[in-house]
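Undergrad: Here you go, this is model31.txt (compact mmCIF, C-alpha atoms and all ligand atoms).
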# COMPACT_ATOMS: atom_id res chain seq x y z
CA MET A 1 -192.35 109.78 14.58
CA LYS A 2 -189.21 111.47 13.32
CA ILE A 3 -185.73 110.93 14.71
CA GLY A 4 -183.17 113.55 13.71
CA VAL A 5 -179.47 112.91 13.25
CA LEU A 6 -177.19 115.94 13.49
CA ALA A 7 -175.52 115.98 10.09
CA MET A 8 -172.78 118.58 10.40
CA GLN A 9 -169.90 116.14 10.18
CA GLY A 10 -168.95 112.58 11.11
CA ALA A 11 -170.82 109.25 11.13
CA PHE A 12 -174.37 110.54 10.63
CA ALA A 13 -175.20 108.44 7.53
CA GLU A 14 -174.67 105.20 9.46
CA HIS A 15 -177.16 106.28 12.14
CA VAL A 16 -179.70 107.25 9.48
CA ALA A 17 -179.25 103.87 7.78
CA MET A 18 -179.66 101.95 11.04
CA LEU A 19 -182.79 103.93 11.99
CA ARG A 20 -184.34 103.27 8.57
CA ARG A 21 -183.43 99.60 8.77
CA ILE A 22 -185.49 99.26 11.94
CA GLY A 23 -188.41 101.14 10.40
CA ALA A 24 -187.96 104.58 11.99
CA GLU A 25 -188.28 107.83 10.03
CA ALA A 26 -184.85 109.47 10.07
CA VAL A 27 -183.98 113.03 9.05
CA GLU A 28 -180.60 114.70 8.66
CA VAL A 29 -180.55 117.83 10.79
CA ARG A 30 -178.54 120.84 9.59
CA ARG A 31 -180.69 123.75 10.71
CA ALA A 32 -182.02 124.67 14.15
CA GLU A 33 -185.67 124.80 12.98
CA GLN A 34 -185.50 121.15 11.98
CA ILE A 35 -185.30 120.11 15.65
CA GLU A 36 -188.86 121.32 16.23
CA GLY A 37 -191.24 118.37 16.05
CA LEU A 38 -188.60 115.65 16.37
CA ALA A 39 -189.13 112.78 18.82
CA GLY A 40 -185.40 112.31 19.33
CA LEU A 41 -182.03 113.59 18.17
CA ILE A 42 -178.77 111.70 17.69
CA ILE A 43 -175.41 113.48 17.80
CA PRO A 44 -173.03 111.18 15.92
CA GLY A 45 -169.36 110.38 16.27
CA GLY A 46 -166.82 112.38 14.34
CA GLU A 47 -164.52 115.17 15.48
CA SER A 48 -165.95 116.90 18.51
CA THR A 49 -164.04 120.18 18.02
CA THR A 50 -165.15 120.52 14.40
CA MET A 51 -168.70 119.48 15.15
CA LEU A 52 -169.03 122.03 17.95
CA LYS A 53 -167.65 124.81 15.76
CA LEU A 54 -170.02 123.99 12.89
CA ALA A 55 -173.01 123.58 15.20
CA ASP A 56 -172.20 126.96 16.71
CA ILE A 57 -172.01 128.65 13.29
CA TYR A 58 -175.43 127.23 12.39
CA ARG A 59 -176.83 128.17 15.83
CA LEU A 60 -177.62 124.57 16.59
CA ASN A 61 -175.94 124.48 20.00
CA GLU A 62 -178.49 126.78 21.63
CA ALA A 63 -181.39 124.99 19.93
CA ILE A 64 -180.16 121.58 21.10
CA LYS A 65 -179.78 122.82 24.69
CA HIS A 66 -183.24 124.36 24.61
CA HIS A 67 -184.91 121.15 23.42
CA ALA A 68 -182.84 118.96 25.77
CA LYS A 69 -184.11 120.95 28.72
CA LYS A 70 -187.68 120.48 27.51
CA GLY A 71 -187.16 116.70 27.60
CA LEU A 72 -186.30 115.81 24.00
CA PRO A 73 -184.40 112.48 23.96
CA ILE A 74 -180.85 113.14 22.79
CA TRP A 75 -178.20 110.48 22.25
CA GLY A 76 -174.54 111.30 21.73
CA THR A 77 -172.23 108.60 20.37
CA CYS A 78 -168.46 109.01 20.76
CA ALA A 79 -167.75 112.65 19.74
CA GLY A 80 -171.48 113.24 20.37
CA ALA A 81 -171.00 112.08 23.97
CA ILE A 82 -168.15 114.58 24.32
CA LEU A 83 -170.52 117.36 23.22
CA LEU A 84 -173.09 116.39 25.86
CA ALA A 85 -170.66 116.28 28.81
CA ASP A 86 -170.42 119.11 31.27
CA GLU A 87 -166.66 118.65 31.49
CA VAL A 88 -163.91 117.56 29.08
CA THR A 89 -160.88 116.95 31.28
CA ASN A 90 -158.36 117.28 28.44
CA ALA A 91 -160.17 119.93 26.40
CA GLY A 92 -157.08 122.01 25.65
CA SER A 93 -157.23 125.64 24.64
CA ASN A 94 -158.72 125.23 21.14
CA MET A 95 -161.72 123.13 22.18
CA PRO A 96 -164.93 125.17 22.08
CA VAL A 97 -167.24 124.96 25.11
CA GLY A 98 -169.57 121.98 24.81
CA LEU A 99 -173.30 121.70 25.44
CA GLY A 100 -172.80 120.90 29.14
CA LEU A 101 -176.02 118.90 29.44
CA MET A 102 -174.90 115.73 31.23
CA ARG A 103 -173.33 115.41 34.65
CA MET A 104 -170.24 113.59 33.53
CA SER A 105 -166.57 114.23 32.86
CA VAL A 106 -165.09 112.81 29.69
CA ARG A 107 -161.54 112.38 28.44
CA ARG A 108 -161.05 112.53 24.68
CA ASN A 109 -158.93 110.01 22.76
CA ALA A 110 -158.46 108.14 26.01
CA PHE A 111 -157.29 104.79 24.65
CA GLY A 112 -153.97 105.84 23.16
CA ARG A 113 -152.53 104.97 19.75
CA GLN A 114 -152.06 101.23 20.04
CA VAL A 115 -155.63 100.44 20.81
CA ASP A 116 -157.47 103.42 19.49
CA SER A 117 -159.95 101.17 17.69
CA PHE A 118 -161.30 97.91 19.06
CA GLU A 119 -164.48 95.94 19.62
CA VAL A 120 -165.61 94.47 22.93
CA LYS A 121 -168.78 92.77 24.14
CA LEU A 122 -170.56 94.60 26.94
CA THR A 123 -173.48 93.80 29.19
CA VAL A 124 -175.62 96.94 29.17
CA ASP A 125 -178.37 97.87 31.65
CA GLY A 126 -181.65 98.00 29.76
CA LEU A 127 -180.57 95.78 26.82
CA ASP A 128 -181.83 92.21 26.95
CA GLY A 129 -180.05 89.21 25.53
CA GLU A 130 -176.42 88.70 24.55
CA PRO A 131 -173.68 91.19 25.48
CA PHE A 132 -173.61 94.13 23.02
CA PRO A 133 -170.73 94.33 20.47
CA ALA A 134 -169.33 97.81 21.13
CA VAL A 135 -167.04 99.40 18.53
CA PHE A 136 -164.60 102.01 19.87
CA ILE A 137 -162.83 104.41 17.46
CA ARG A 138 -160.47 106.94 19.04
CA ALA A 139 -163.09 106.97 21.73
CA PRO A 140 -163.49 109.07 24.85
CA ILE A 141 -163.94 107.50 28.27
CA ILE A 142 -166.36 108.76 30.85
CA GLU A 143 -164.13 109.44 33.85
CA SER A 144 -166.99 110.10 36.23
CA ALA A 145 -170.77 110.42 36.22
CA LEU A 146 -172.84 111.98 38.98
CA PRO A 147 -176.57 111.56 39.71
CA PRO A 148 -178.95 111.97 38.01
CA ALA A 149 -176.60 110.48 35.40
CA GLU A 150 -176.55 106.68 35.73
CA VAL A 151 -173.94 104.29 34.43
CA LEU A 152 -175.31 101.77 31.89
CA THR A 153 -172.12 99.83 31.23
CA ARG A 154 -168.41 99.66 31.97
CA LEU A 155 -165.39 97.98 30.43
CA GLY A 156 -163.87 95.04 32.32
CA ASN A 157 -161.46 97.42 34.09
CA GLY A 158 -164.32 99.53 35.43
CA THR A 159 -164.11 102.38 32.88
CA ILE A 160 -167.54 103.92 32.27
CA VAL A 161 -168.55 103.88 28.59
CA ALA A 162 -172.33 104.49 28.57
CA VAL A 163 -174.47 106.76 30.71
CA ARG A 164 -178.13 107.76 30.83
CA GLN A 165 -179.43 110.91 32.46
CA ASP A 166 -183.22 111.07 32.13
CA ASN A 167 -183.82 112.01 28.46
CA LEU A 168 -180.11 112.04 27.63
CA LEU A 169 -177.96 109.10 26.57
CA ALA A 170 -174.21 108.96 25.95
CA THR A 171 -172.10 106.10 24.60
CA SER A 172 -168.32 106.23 24.09
CA PHE A 173 -168.73 103.65 21.34
CA HIS A 174 -170.53 103.46 17.97
CA PRO A 175 -173.67 101.23 17.99
CA GLU A 176 -174.46 102.40 14.43
CA LEU A 177 -171.37 100.51 13.22
CA SER A 178 -172.31 97.11 14.58
CA MET A 179 -175.10 95.05 13.03
CA ASP A 180 -176.83 94.98 16.40
CA ASP A 181 -179.79 97.37 16.48
CA ARG A 182 -180.69 97.05 20.18
CA PHE A 183 -179.22 100.42 21.18
CA HIS A 184 -181.19 102.17 18.44
CA ARG A 185 -184.34 100.36 19.55
CA TYR A 186 -183.62 101.44 23.13
CA PHE A 187 -183.43 105.07 21.93
CA ILE A 188 -186.64 104.70 19.89
CA LYS A 189 -188.32 103.56 23.11
CA MET A 190 -187.15 106.77 24.82
CA ALA A 191 -188.63 108.71 21.88
CA VAL A 192 -191.96 106.87 22.11
CA GLU A 193 -192.13 107.62 25.85
CA TYR A 194 -191.37 111.28 25.14
CA LEU A 195 -194.13 111.52 22.53
CA ALA A 196 -196.59 109.93 24.95
CA ARG A 197 -195.94 112.81 27.37
CA HIS A 198 -195.99 115.65 24.80
N1 LIG B 201 -161.59 111.40 18.74
C1 LIG B 201 -162.82 112.09 18.45
C2 LIG B 201 -162.98 113.33 19.29
O1 LIG B 201 -162.35 113.49 20.27
C3 LIG B 201 -164.00 111.18 18.67
C4 LIG B 201 -163.90 109.99 17.75
C5 LIG B 201 -165.22 109.44 17.30
O2 LIG B 201 -166.26 110.09 17.40
N2 LIG B 201 -165.16 108.27 16.73
O3 LIG B 201 -163.76 114.17 18.96
Turn this file's structure into structure tokens for me.
Ligand code: GLN
TA:
Amino acid sequence: MKIGVLAMQGAFAEHVAMLRRIGAEAVEVRRAEQIEGLAGLIIPGGESTTMLKLADIYRLNEAIKHHAKKGLPIWGTCAGAILLADEVTNAGSNMPVGLGLMRMSVRRNAFGRQVDSFEVKLTVDGLDGEPFPAVFIRAPIIESALPPAEVLTRLGNGTIVAVRQDNLLATSFHPELSMDDRFHRYFIKMAVEYLARH
């Protein structure tokens, strides 16, 4: 079972390392054909504008949308979550159109300068045990999510920071940067379920 990590830009190496640490086969994805045959795809954190532009040049955007609609599990972390959203409320004029796959609105760089990086422990639906240590780096927030998108966790003030919509998963934070592998195991489970159906 192969899990791909989009490797245009950003924190892809950390995802690959975490996947390998838990025994999954991880591949860096740079070409559209590489998505064929994957059991899951991770879109890492980084710079959403740059990532979208590069993915467009390499014709990955269309390929990702195509496979998402066929049920491939896709997980966007931080900038990756921005790519998956169907609306970026502060996109500005130079932000390319995203993938528009998840019924959620996101706001980029929503935590402001003072606190643009922090760690907080979150209780997440679907993760057993202790609260999850979530690392936020110039993170987006999810301003709203509509069914079939379901909220998995919120900050103490109610801000949504993780959402699942069937085969799609979005986290504002970076689970690949904490030593806790439960989010990656959760995604592997989605991939196993997908393979069982295909
Ligand atoms: N600030 C970045 C953006 O808006 C996201 C940061 C990250 O992925 N860590 O694209």
Undergrad: Set out as CSV a contact list for chain A and ligand LIG 201 (chain B) with a cut-off of 12 Å, giving each residue of chain A that qualifies its closest atom pair and distance in Å to one decimal, counting only C-alpha atoms and all ligand atoms, ordered by chain and rising residue number.
TA:
residue,atom,partner,partner_atom,distance
A:Gln9,CA,B:LIG201,O2,10.1
A:Gly10,CA,B:LIG201,O2,7.3
A:Ala11,CA,B:LIG201,O2,7.8
A:Phe12,CA,B:LIG201,O2,10.6
A:Ile43,CA,B:LIG201,O2,9.8
A:Pro44,CA,B:LIG201,O2,7.0
A:Gly45,CA,B:LIG201,O2,3.3
A:Gly46,CA,B:LIG201,O2,3.9
A:Glu47,CA,B:LIG201,O3,3.7
A:Ser48,CA,B:LIG201,O3,3.5
A:Thr49,CA,B:LIG201,O3,6.1
A:Thr50,CA,B:LIG201,O3,7.9
A:Met51,CA,B:LIG201,O3,8.2
A:Leu52,CA,B:LIG201,O3,9.5
A:Lys53,CA,B:LIG201,O3,11.8
A:Gly76,CA,B:LIG201,O2,9.4
A:Thr77,CA,B:LIG201,O2,6.8
A:Cys78,CA,B:LIG201,O2,4.2
A:Ala79,CA,B:LIG201,O2,3.8
A:Gly80,CA,B:LIG201,O2,6.8
A:Ala81,CA,B:LIG201,O2,8.3
A:Ile82,CA,B:LIG201,O3,6.9
A:Leu83,CA,B:LIG201,O3,8.6
A:Leu84,CA,B:LIG201,O3,11.8
A:Val88,CA,B:LIG201,O1,9.8
A:Thr89,CA,B:LIG201,O1,11.6
A:Asn90,CA,B:LIG201,O1,9.9
A:Ala91,CA,B:LIG201,O1,9.2
A:Gly92,CA,B:LIG201,O1,11.4
A:Met95,CA,B:LIG201,O3,9.7
A:Pro96,CA,B:LIG201,O3,11.5
A:Gly98,CA,B:LIG201,O3,11.4
A:Val106,CA,B:LIG201,O1,9.8
A:Arg107,CA,B:LIG201,O1,8.3
A:Arg108,CA,B:LIG201,O1,4.7
A:Asn109,CA,B:LIG201,N1,5.0
A:Ala110,CA,B:LIG201,N1,8.6
A:Phe111,CA,B:LIG201,N1,9.9
A:Gly112,CA,B:LIG201,N1,10.4
A:Arg113,CA,B:LIG201,N1,11.2
A:Asp116,CA,B:LIG201,N1,9.0
A:Ser117,CA,B:LIG201,N2,8.9
A:Phe118,CA,B:LIG201,N2,11.3
A:Val135,CA,B:LIG201,N2,9.2
A:Phe136,CA,B:LIG201,N2,7.0
A:Ile137,CA,B:LIG201,N2,4.6
A:Arg138,CA,B:LIG201,N1,4.6
A:Ala139,CA,B:LIG201,C4,5.1
A:Pro140,CA,B:LIG201,O1,6.5
A:Ile141,CA,B:LIG201,O1,10.1
A:Ala170,CA,B:LIG201,O2,11.7
A:Thr171,CA,B:LIG201,O2,10.1
A:Ser172,CA,B:LIG201,O2,8.0
A:Phe173,CA,B:LIG201,N2,7.4
A:His174,CA,B:LIG201,N2,7.3
A:Pro175,CA,B:LIG201,N2,11.1
A:Glu176,CA,B:LIG201,N2,11.2
A:Leu177,CA,B:LIG201,N2,10.5
Undergrad: For the atom pair CA of Leu54 in chain A and CA of Val97 in chain A, what is the interatomic distance in Å to one decimal place?
TA: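 Separating CA of Leu54 in chain A from CA of Val97 in chain A is a distance of 12.6 Å.
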Undergrad: I'd like to know which of A:Asp180, A:Leu38, A:Ile160, A:Asp86 is closest to Gly129 in chain A, using all atoms listed in the file.
TA: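 Among the listed residues, the smallest separation from Gly129 in chain A belongs to A:Asp180.
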Undergrad: What lies within 8 Å of range 146-155 of chain A using only C-alpha atoms, ignoring chain neighbours under 2 positions off, as a PyMOL selection string?
TA: chain A and resi 102-104+122-126+144+157-166
Undergrad: Go through A:Asn94, A:Ile3, A:Glu28, A:Leu72 one by one, measure the shortest atom-to-atom distance of each to Arg185 in chain A using only C-alpha atoms, and give the residue with the smallest value.
TA: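 Closest to Arg185 in chain A of all the choices is A:Ile3.
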Undergrad: Identify which of the residues A:Ala55, A:Ile74, A:Ala85, A:Val16 lies closest to Ala39 in chain A, counting all atoms listed in the file when measuring atom-to-atom distances.
TA: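 The closest residue to Ala39 in chain A is A:Ile74.
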Undergrad: Quick one: residues within 12 Å of range 188-192 of chain A, all atoms listed in the file counted, chain neighbours fewer than 5 positions away excluded, as a CSV table (one decimal) with C-alpha atoms, keeping the file's coordinate frame?
TA:
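Saved result, part_28.csv, follows:
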chain,number,residue,atom,x,y,z
A,1,MET,CA,-192.4,109.8,14.6
A,2,LYS,CA,-189.2,111.5,13.3
A,3,ILE,CA,-185.7,110.9,14.7
A,4,GLY,CA,-183.2,113.6,13.7
A,18,MET,CA,-179.7,102.0,11.0
A,19,LEU,CA,-182.8,103.9,12.0
A,20,ARG,CA,-184.3,103.3,8.6
A,22,ILE,CA,-185.5,99.3,11.9
A,23,GLY,CA,-188.4,101.1,10.4
A,24,ALA,CA,-188.0,104.6,12.0
A,25,GLU,CA,-188.3,107.8,10.0
A,26,ALA,CA,-184.8,109.5,10.1
A,37,GLY,CA,-191.2,118.4,16.0
A,38,LEU,CA,-188.6,115.6,16.4
A,39,ALA,CA,-189.1,112.8,18.8
A,40,GLY,CA,-185.4,112.3,19.3
A,41,LEU,CA,-182.0,113.6,18.2
A,42,ILE,CA,-178.8,111.7,17.7
A,71,GLY,CA,-187.2,116.7,27.6
A,72,LEU,CA,-186.3,115.8,24.0
A,73,PRO,CA,-184.4,112.5,24.0
A,74,ILE,CA,-180.8,113.1,22.8
A,75,TRP,CA,-178.2,110.5,22.2
A,126,GLY,CA,-181.6,98.0,29.8
A,127,LEU,CA,-180.6,95.8,26.8
A,164,ARG,CA,-178.1,107.8,30.8
A,165,GLN,CA,-179.4,110.9,32.5
A,166,ASP,CA,-183.2,111.1,32.1
A,167,ASN,CA,-183.8,112.0,28.5
A,168,LEU,CA,-180.1,112.0,27.6
A,169,LEU,CA,-178.0,109.1,26.6
A,181,ASP,CA,-179.8,97.4,16.5
A,182,ARG,CA,-180.7,97.0,20.2
A,183,PHE,CA,-179.2,100.4,21.2
A,197,ARG,CA,-195.9,112.8,27.4
A,198,HIS,CA,-196.0,115.6,24.8
Undergrad: Report, in Å with one decimal, the straight-line distance from CA of Arg30 in chain A to CA of Tyr58 in chain A.
TA: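 Computing the Euclidean distance for CA of Arg30 in chain A and CA of Tyr58 in chain A yields 7.6 Å.
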Undergrad: State, in Å with one decimal place, the distance from CA of Val115 in chain A to CA of Glu143 in chain A.
TA: 18.0 Å
